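Undergrad: Can you keep this structure in mind? I'll have questions shortly.
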Amino acid sequence: MAMTAMAAAAQQGKTYNLWPKGAPNANGNPTDTAKVTVFLPDAKKATGRAVVICPGGGYGFLAMDHEGYDWAPFFNREGIAAIVLKYRMPRGNCEVPVSDAEEAMRLVRRNAKQWNINPQQVGIMGSSAGGHLASTIATHATGDAAPNFQILFYPVITMDPAFTHQGSHDNLLGEKLRSEERRVGKE
């Protein structure tokens, strides 16, 4: 409850369409669009750090408030820019949310100077399925899409059907069974 009240009192973020010229990796729903809402700290408090926030929701919906927007006041008070990602639902195409998260990381770095961000201090955070997405980006992304740090809250850490959250598995992978989650480090 307190986080919601703090979020309501926070400065309003600015929302950007992540794919103004059209998104790659279709999910079968042309109305599902990826966006980021950028919350910048007061310039006097800015540390140059930023975090892209990936809300969870089992890859079937997004818990945008308590796992997304409600974090912005906390990070802004600490001088950290908070970029909340509204990623597209995969509907069985795991490349959909991955491409959105990677583009969000690149967008932050492209706008680093304007937003008073150090491009070497951009991280990614996620909760539940968003934690799975954040960890996937942290271990697979390269170049400007690769985060400098990650913050994971109760992440889905495996898609092994014997152990995973079944809803996250089915929404992300559909009927396919994959073992890519076994890859821990970057090659």
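In the structure tokens, each chain is lettered A, B, ... as it comes, each chain's residues begin at 1, and ligands are numbered from 1 in order of appearance.
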When DSSP is applied to the backbone of this structure, which of segment 40-139 of chain A are assigned helix (DSSP H, G or I)? Write them out as a ChimeraX atom specification.

TA: /A:69-77,95-110,129-139

Undergrad: Can you tell me which residues surround segment 41-58 of chain A at a distance of at most 6 Å, considering only C-alpha atoms, apart from same-chain residues fewer than 3 positions away, and format the answer as a VMD selection string?

TA: chain A and resid 61 to 64 67 to 68 76 79 to 85 116 to 118 121 to 130 167 to 168

Undergrad: May I have the selected residues written with C-alpha atoms, as an mmCIF file, in the first residue's frame?

TA:
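Resulting contents of part-v7.cif:
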```cif
data_model
loop_
_atom_site.group_PDB
_atom_site.id
_atom_site.type_symbol
_atom_site.label_atom_id
_atom_site.label_comp_id
_atom_site.auth_asym_id
_atom_site.auth_seq_id
_atom_site.Cartn_x
_atom_site.Cartn_y
_atom_site.Cartn_z
ATOM 1 C CA PHE A 61 -0.078 -10.419 -18.461
ATOM 2 C CA LEU A 62 2.038 -7.781 -16.729
ATOM 3 C CA ALA A 63 1.896 -6.720 -13.079
ATOM 4 C CA MET A 64 2.740 -3.160 -14.174
ATOM 5 C CA GLU A 67 6.333 -4.945 -10.081
ATOM 6 C CA GLY A 68 6.906 -1.938 -12.328
ATOM 7 C CA ASN A 76 14.491 8.056 -8.218
ATOM 8 C CA GLY A 79 19.284 9.065 -7.863
ATOM 9 C CA ILE A 80 18.685 6.162 -10.254
ATOM 10 C CA ALA A 81 16.639 6.413 -13.434
ATOM 11 C CA ALA A 82 13.845 3.813 -13.623
ATOM 12 C CA ILE A 83 12.699 2.611 -17.032
ATOM 13 C CA VAL A 84 9.599 0.416 -16.790
ATOM 14 C CA LEU A 85 9.215 -1.957 -19.727
ATOM 15 C CA ASN A 116 21.951 12.059 -17.706
ATOM 16 C CA ILE A 117 22.787 8.330 -17.605
ATOM 17 C CA ASN A 118 26.211 6.700 -17.693
ATOM 18 C CA GLN A 121 25.809 1.838 -15.475
ATOM 19 C CA VAL A 122 22.617 0.442 -17.041
ATOM 20 C CA GLY A 123 21.119 -2.637 -15.418
ATOM 21 C CA ILE A 124 18.011 -4.779 -15.696
ATOM 22 C CA MET A 125 15.571 -5.898 -13.024
ATOM 23 C CA GLY A 126 12.655 -8.287 -13.026
ATOM 24 C CA SER A 127 10.187 -10.100 -10.813
ATOM 25 C CA SER A 128 8.865 -13.621 -11.388
ATOM 26 C CA ALA A 129 8.567 -14.124 -15.181
ATOM 27 C CA GLY A 130 10.098 -10.641 -15.534
ATOM 28 C CA GLY A 167 1.944 -20.975 -16.852
ATOM 29 C CA SER A 168 5.189 -19.115 -17.556
#
```

Undergrad: Smallest atom-to-atom distance to Gln114 of chain A: which of A:Leu40, A:Glu78, A:Gly22, A:Thr139, using only C-alpha atoms?

TA: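 Nearest candidate to Gln114 of chain A out of A:Leu40, A:Glu78, A:Gly22, A:Thr139: A:Leu40.
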
Undergrad: If DSSP is run on the backbone, what residues of segment 7-117 of chain A are strand (DSSP E)? A reply as a PyMOL selection string would be ideal.

TA: chain A and resi 14-17+35-39+50-54+81-86

Undergrad: Would you work out the distance separating atom CA of Pro73 of chain A from atom CA of Leu152 of chain A, expressed in Å to one decimal?

TA: 18.3 Å

Undergrad: Within 9 Å of Pro24 of chain A, counting only C-alpha atoms, which residues show up once you throw out same-chain ones fewer than 6 positions away? Write them as a list in words, please.

TA: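 The residues that qualify are Glu95, Val96, Ser99 and Asp100 of chain A.
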
Undergrad: Given only C-alpha atoms as the basis, pick out the residue of A:Val38, A:Ala26, A:Leu18, A:Ala162 nearest to Glu102 of chain A.

TA: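 Of the candidates, the smallest distance to Glu102 of chain A is held by A:Leu18.
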
Undergrad: Between atom CA of Ala101 of chain A and atom CA of Gln150 of chain A, what is the distance, to one decimal in Å?

TA: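 Atom CA of Gln150 of chain A lies at a distance of 12.8 Å from atom CA of Ala101 of chain A.
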
Undergrad: Looking at only C-alpha atoms, which of A:Tyr59, A:Ala141, A:Ala134, A:Phe153 is the one that sits closest to Cys94 of chain A?

TA: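 Between A:Tyr59, A:Ala141, A:Ala134, A:Phe153, the residue approaching Cys94 of chain A most closely is A:Tyr59.
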
Undergrad: Go through A:Asn111, A:Gln166, A:Gln120, A:Asn17 one by one, measure the shortest atom-to-atom distance of each to Tyr87 of chain A using only C-alpha atoms, and give the residue with the smallest value.

TA: A:Asn17

Undergrad: Taking only C-alpha atoms into account, which of A:Phe74, A:His66, A:Val98, A:Ala23 comes nearest His140 of chain A?

TA: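 Closest to His140 of chain A, using only C-alpha atoms: A:Val98.
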
Undergrad: Of the candidates A:Pro97, A:Gly13, A:Pro161, A:Gly143, which shows the shortest atom-to-atom distance to Asp32 of chain A, using only C-alpha atoms?

TA: A:Pro97
